[in-house]
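One structure is given here, and the rest of the page talks about it.
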Amino acid sequence: MLKKFIALFAIAAGLGLLSRKAGLDTHQAIAIAIFSTSILGTLFFWDFRLSFAFLGTSVLLMSRTIDMEHVIKFASLDVILFLVGMMILVGLLKDSGFFAWIVSLILRIRNLTSKKFLILISVISALLSCAIDEVTSIIFIVAAAIEICDYFEVNPAPFLIVSVLATNIGSSGTTLGNPIGILIASKSGLTFEDFLLKAFPVMLICLAVSILIVKAWYRKPLEELDRRIKELGANEILIKLISVPPEKGLKISLAIFGTTLFFIAMHHRLEILWDLPANTVLMALPLVSSGLVMMWKWEKARKYVEKDVEWWTLLFFMLLFAQAGTLKFTGATDVLARGMLELTKNSVVFLTGTILWIAAIGSSILDNVVLVAALIPVIQSFQEIGMRVEPLWWAILFGGCFGGNITLVGSTANIVALGILEKDRNIKITFLQWFGVGLTVGIITTIIVWVSLSVLPIYR
């Protein structure tokens, strides 16, 4: 580990020195070195990522590369508070039995077959990740898939991989599915309606294509599941899964969550109607709803805040956003933007494709929030020189979500699902087991997005 730490700091220092030799000033070089340390620290020392974020931000402040006022400004507190509110709402849904209820409804289907099961877990995984965060949705889908596979005595690994691939694809459909969605919405001015009109349809197309791919890829496991269904029947497992009744407050919980989703979807129109600044309603609604939840469930309010809110992750996001903002503050991203424009000959189509593939390939090895946080200041630099940047926002959204399918460490949902399978069933999925189907789905869906962003008038 000591050697890794030494190598990490040597690489970061080297990038800083190269930046100076390339003509950047001292503060720009420091900003690049610190942000590189946080990125590489996340890649090689996952458990220490928050430590790197704390130490790096401190260095930026003490070196006067940035001041406290701008650290607070770039920390994107609006995004953090939005995520806090949504996490509290998801905590309510967990307590109310929502996920057990939704799975029970799905599994009541008659004449269950392997193909129906494959399509169901894919569609439900994608739609759930559109409405709530991808990590929460994958926990419940994986639990259900493992139970069903155990009953029929088949290997759950292929179906777990299928559900994760669908979850990552579905997380691009709305601003709610992935933290990068709300981050992009807050920085770009894109509304929930924009996501529904321009991201959701492409997501559905990519989901359909991915289902066809995994259906062919896992032909033998599907045939095996069909044989086991004929031998054992499906009724017992359905009864087992739906035997626990939901909490009495489920209807109220669903009403609160559904009302929140409705007003989030309408936030742009409400902001115009009430003459409010852009995204005010979008950011405030989860706080209003979570405040009402904590009044209703006052005895569990502290539990929702302390246990259901991922403070470790949110603190990391805050400081990472501040470090990425420092790149913009010092002008480092302006230099990078000019270099990319020269490379792509000022072509929006070429630049969009470049950003898309950088995001997809980068997010296959890095946390997509880290990658998107690095790319956002670059796109803002393009915007400041009068360039049309909307296709670039969609490029980093889709690239960041779909690239996570390429490797088994490409997204948090992947890691969580694999951890559940290994812990509960002592089954390990190897890199190559994942990489074949993940690379195929990742590349084909990214190509679909590339073509869509290049030719469809809605993105122009």
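How things are named: the first chain in the structure tokens is A, the next is B, and so on; residues count from 1 in each chain; ligands count from 1 in the order shown.
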
**Request:** Please identify all polymer residues within 12 Å of A:Ser363, counting only C-alpha atoms, omitting same-chain residues fewer than 6 positions from it, and present them as a VMD selection string.
**Result:** chain A and resid 39 43 168 180 355 to 357 369 to 375 396 to 412 442

Write the residues of the selection above to a file with N, CA and C atoms, as an mmCIF file, in the first residue's frame.
```
data_model
loop_
_atom_site.group_PDB
_atom_site.id
_atom_site.type_symbol
_atom_site.label_atom_id
_atom_site.label_comp_id
_atom_site.auth_asym_id
_atom_site.auth_seq_id
_atom_site.Cartn_x
_atom_site.Cartn_y
_atom_site.Cartn_z
ATOM 1 N N ILE A 39 -9.061 11.768 -7.956
ATOM 2 C CA ILE A 39 -9.544 10.779 -8.920
ATOM 3 C C ILE A 39 -8.777 9.467 -8.781
ATOM 4 N N LEU A 43 -9.795 5.627 -7.429
ATOM 5 C CA LEU A 43 -9.585 4.424 -8.229
ATOM 6 C C LEU A 43 -8.789 3.371 -7.477
ATOM 7 N N ASN A 168 -28.403 0.182 -14.717
ATOM 8 C CA ASN A 168 -27.520 1.249 -15.182
ATOM 9 C C ASN A 168 -28.102 1.976 -16.389
ATOM 10 N N ILE A 180 -25.574 11.735 -11.100
ATOM 11 C CA ILE A 180 -25.097 12.583 -12.191
ATOM 12 C C ILE A 180 -26.259 13.247 -12.919
ATOM 13 N N ILE A 355 -16.739 13.423 -26.313
ATOM 14 C CA ILE A 355 -17.168 13.508 -24.911
ATOM 15 C C ILE A 355 -17.910 12.242 -24.501
ATOM 16 N N LEU A 356 -18.782 11.750 -25.383
ATOM 17 C CA LEU A 356 -19.566 10.548 -25.079
ATOM 18 C C LEU A 356 -18.660 9.356 -24.785
ATOM 19 N N TRP A 357 -17.662 9.127 -25.640
ATOM 20 C CA TRP A 357 -16.799 7.963 -25.463
ATOM 21 C C TRP A 357 -15.829 8.151 -24.313
ATOM 22 N N VAL A 369 -19.735 9.720 -11.034
ATOM 23 C CA VAL A 369 -19.855 11.062 -10.466
ATOM 24 C C VAL A 369 -18.517 11.784 -10.523
ATOM 25 N N VAL A 370 -17.438 11.055 -10.232
ATOM 26 C CA VAL A 370 -16.097 11.636 -10.304
ATOM 27 C C VAL A 370 -15.818 12.131 -11.720
ATOM 28 N N LEU A 371 -16.126 11.284 -12.693
ATOM 29 C CA LEU A 371 -15.846 11.625 -14.087
ATOM 30 C C LEU A 371 -16.687 12.805 -14.561
ATOM 31 N N VAL A 372 -17.980 12.779 -14.259
ATOM 32 C CA VAL A 372 -18.872 13.860 -14.695
ATOM 33 C C VAL A 372 -18.500 15.172 -14.015
ATOM 34 N N ALA A 373 -18.107 15.094 -12.734
ATOM 35 C CA ALA A 373 -17.675 16.307 -12.036
ATOM 36 C C ALA A 373 -16.469 16.939 -12.724
ATOM 37 N N ALA A 374 -15.614 16.109 -13.312
ATOM 38 C CA ALA A 374 -14.447 16.625 -14.034
ATOM 39 C C ALA A 374 -14.831 17.216 -15.385
ATOM 40 N N LEU A 375 -15.835 16.637 -16.041
ATOM 41 C CA LEU A 375 -16.205 17.075 -17.391
ATOM 42 C C LEU A 375 -17.109 18.311 -17.387
ATOM 43 N N ILE A 396 -22.501 13.273 -21.681
ATOM 44 C CA ILE A 396 -21.911 12.837 -20.416
ATOM 45 C C ILE A 396 -22.926 12.075 -19.561
ATOM 46 N N LEU A 397 -24.222 12.369 -19.732
ATOM 47 C CA LEU A 397 -25.240 11.604 -19.003
ATOM 48 C C LEU A 397 -25.241 10.154 -19.459
ATOM 49 N N PHE A 398 -25.426 9.944 -20.753
ATOM 50 C CA PHE A 398 -25.502 8.576 -21.260
ATOM 51 C C PHE A 398 -24.165 7.846 -21.139
ATOM 52 N N GLY A 399 -23.076 8.551 -21.435
ATOM 53 C CA GLY A 399 -21.770 7.923 -21.305
ATOM 54 C C GLY A 399 -21.483 7.507 -19.876
ATOM 55 N N GLY A 400 -21.819 8.389 -18.926
ATOM 56 C CA GLY A 400 -21.581 8.083 -17.523
ATOM 57 C C GLY A 400 -22.412 6.917 -17.020
ATOM 58 N N CYS A 401 -23.645 6.775 -17.501
ATOM 59 C CA CYS A 401 -24.526 5.680 -17.066
ATOM 60 C C CYS A 401 -24.214 4.379 -17.795
ATOM 61 N N PHE A 402 -24.090 4.439 -19.116
ATOM 62 C CA PHE A 402 -23.911 3.216 -19.904
ATOM 63 C C PHE A 402 -22.507 2.647 -19.780
ATOM 64 N N GLY A 403 -21.509 3.522 -19.591
ATOM 65 C CA GLY A 403 -20.148 3.031 -19.429
ATOM 66 C C GLY A 403 -19.982 2.168 -18.195
ATOM 67 N N GLY A 404 -20.839 2.382 -17.193
ATOM 68 C CA GLY A 404 -20.781 1.573 -15.981
ATOM 69 C C GLY A 404 -21.058 0.112 -16.209
ATOM 70 N N ASN A 405 -21.663 -0.233 -17.355
ATOM 71 C CA ASN A 405 -21.961 -1.632 -17.658
ATOM 72 C C ASN A 405 -20.746 -2.403 -18.176
ATOM 73 N N ILE A 406 -19.713 -1.703 -18.586
ATOM 74 C CA ILE A 406 -18.602 -2.368 -19.287
ATOM 75 C C ILE A 406 -17.803 -3.286 -18.367
ATOM 76 N N THR A 407 -17.524 -2.837 -17.148
ATOM 77 C CA THR A 407 -16.765 -3.661 -16.214
ATOM 78 C C THR A 407 -17.548 -3.865 -14.925
ATOM 79 N N LEU A 408 -17.121 -4.838 -14.129
ATOM 80 C CA LEU A 408 -17.860 -5.140 -12.903
ATOM 81 C C LEU A 408 -17.639 -4.111 -11.804
ATOM 82 N N VAL A 409 -16.693 -3.175 -12.003
ATOM 83 C CA VAL A 409 -16.505 -2.086 -11.034
ATOM 84 C C VAL A 409 -16.934 -0.752 -11.629
ATOM 85 N N GLY A 410 -17.692 -0.791 -12.724
ATOM 86 C CA GLY A 410 -18.040 0.424 -13.447
ATOM 87 C C GLY A 410 -19.070 1.303 -12.783
ATOM 88 N N SER A 411 -19.852 0.775 -11.859
ATOM 89 C CA SER A 411 -20.829 1.606 -11.160
ATOM 90 C C SER A 411 -21.046 1.065 -9.761
ATOM 91 N N THR A 412 -21.614 1.909 -8.907
ATOM 92 C CA THR A 412 -21.886 1.495 -7.526
ATOM 93 C C THR A 412 -22.885 0.348 -7.494
ATOM 94 N N GLY A 442 -22.540 -2.406 -23.337
ATOM 95 C CA GLY A 442 -22.040 -1.039 -23.179
ATOM 96 C C GLY A 442 -21.714 -0.377 -24.503
#
```

Please, which residues in stretch 148-223 of chain A fall within 12 Å of stretch 320-327 of chain A when counting only C-alpha atoms, and what is the closest atom pair and distance in Å to one decimal for each, ordered by chain then residue number, as JSON lines?
```
{"residue": "A:Ile180", "atom": "CA", "partner": "A:Phe321", "partner_atom": "CA", "distance": 11.5}
{"residue": "A:Leu183", "atom": "CA", "partner": "A:Phe321", "partner_atom": "CA", "distance": 9.7}
{"residue": "A:Ile184", "atom": "CA", "partner": "A:Phe321", "partner_atom": "CA", "distance": 12.0}
{"residue": "A:Lys187", "atom": "CA", "partner": "A:Phe321", "partner_atom": "CA", "distance": 11.4}
```

**Shell of 9 Å around A:Arg388, only C-alpha atoms, local chain residues under 4 positions omitted, as a list in words** =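 Listing them by chain and then by number gives Val348, Phe382, Gln383, Leu392 and Arg460 of chain A.
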
**Residue among A:Tyr459, A:Phe329, A:Phe192, A:Trp394 lying closest to A:His267, counting only C-alpha atoms** =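 Among the listed residues, A:Phe192 lies closest to A:His267.
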
**Residue with smallest distance to A:Leu314 - pool A:Phe48, A:Phe35, A:Phe257, A:Phe82, counting only C-alpha atoms** = A:Phe82

**Asked** DSSP on the backbone: what in stretch 121-346 of chain A comes out helix (DSSP H, G or I), as an MDAnalysis selection string?
**Response** chainID A and resid 121:131 134:152 157:170 179:188 192:217 219:232 235:242 250:265 267:273 280:296 298:308 311:330 332:343

**Prompt:** What's the 7 Å shell around stretch 337-339 of chain A, counting only C-alpha atoms, without same-chain residues fewer than 4 positions away, as a PyMOL selection string?
**Reply:** chain A and resi 333+343+378+381-382

**Request:** Write out as a list in words which residues come within 12 Å of A:Pro221 when counting only C-alpha atoms, dropping same-chain ones fewer than 3 positions away.
**Result:**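 Selected residues are Ser114, Lys115, Leu118, Cys149, Phe152, Glu153, Val154, Asn155, Pro156, Ala157, Pro158, Phe159, Val162, Val214, Lys215, Ala216, Trp217, Tyr218, Glu224, Leu225, Asp226, Arg227 and Arg228 of chain A.
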
Take the residues just selected and output them with C-alpha atoms as a PDB file, in the first residue's frame.
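For reference, again-v5.pdb as written:
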```pdb
ATOM      1  CA  SER A 114     -37.579 -17.795 -18.290  1.00  0.00           C
ATOM      2  CA  LYS A 115     -38.095 -15.215 -21.050  1.00  0.00           C
ATOM      3  CA  LEU A 118     -35.810 -11.993 -17.957  1.00  0.00           C
ATOM      4  CA  CYS A 149     -33.142 -18.753  -8.671  1.00  0.00           C
ATOM      5  CA  PHE A 152     -35.546 -23.327  -9.016  1.00  0.00           C
ATOM      6  CA  GLU A 153     -31.958 -24.384  -8.218  1.00  0.00           C
ATOM      7  CA  VAL A 154     -30.340 -22.432 -11.049  1.00  0.00           C
ATOM      8  CA  ASN A 155     -27.274 -20.192 -11.038  1.00  0.00           C
ATOM      9  CA  PRO A 156     -28.407 -16.645 -10.151  1.00  0.00           C
ATOM     10  CA  ALA A 157     -25.298 -14.955 -11.627  1.00  0.00           C
ATOM     11  CA  PRO A 158     -26.653 -14.420 -15.189  1.00  0.00           C
ATOM     12  CA  PHE A 159     -29.914 -12.928 -13.918  1.00  0.00           C
ATOM     13  CA  VAL A 162     -29.003  -8.762 -16.405  1.00  0.00           C
ATOM     14  CA  VAL A 214     -28.736 -10.822 -22.965  1.00  0.00           C
ATOM     15  CA  LYS A 215     -31.510 -13.096 -24.217  1.00  0.00           C
ATOM     16  CA  ALA A 216     -29.123 -14.450 -26.861  1.00  0.00           C
ATOM     17  CA  TRP A 217     -26.080 -14.344 -24.596  1.00  0.00           C
ATOM     18  CA  TYR A 218     -27.698 -16.346 -21.801  1.00  0.00           C
ATOM     19  CA  GLU A 224     -32.190 -24.462 -17.839  1.00  0.00           C
ATOM     20  CA  LEU A 225     -34.593 -22.175 -15.948  1.00  0.00           C
ATOM     21  CA  ASP A 226     -37.463 -23.238 -18.233  1.00  0.00           C
ATOM     22  CA  ARG A 227     -36.757 -26.895 -17.444  1.00  0.00           C
ATOM     23  CA  ARG A 228     -36.733 -26.212 -13.714  1.00  0.00           C
TER      24      ARG A 228
END
```

**Request:** Write out as a list in words the residues lying within 6 Å of stretch 280-289 of chain A, counting only C-alpha atoms and excluding same-chain residues fewer than 3 positions away.
**Result:**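 Everything that qualifies: Phe82, Gly85, Met86, Ile264, His267, Pro277 and Leu292 of chain A.
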
**Asked** Do you have the atom CA of A:Ile80-atom CA of A:Gly181 distance handy?
**Response**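 Result for atom CA of A:Ile80 versus atom CA of A:Gly181: 12.6 Å, one decimal.
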
**Prompt:** Neighbours of A:Gly91 within 9 Å (only C-alpha atoms; same-chain residues fewer than 4 positions away dropped), as JSON, numbers by chain?
**Reply:** {"A": [86, 87, 95, 96, 303, 304, 305, 307, 308, 309]}

**Message:** What's the separation between atom CA of A:Asn346 and atom CA of A:Asp334, in Å to one decimal place?
**Reply:**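 Distance reported for this atom pair: 14.6 Å.
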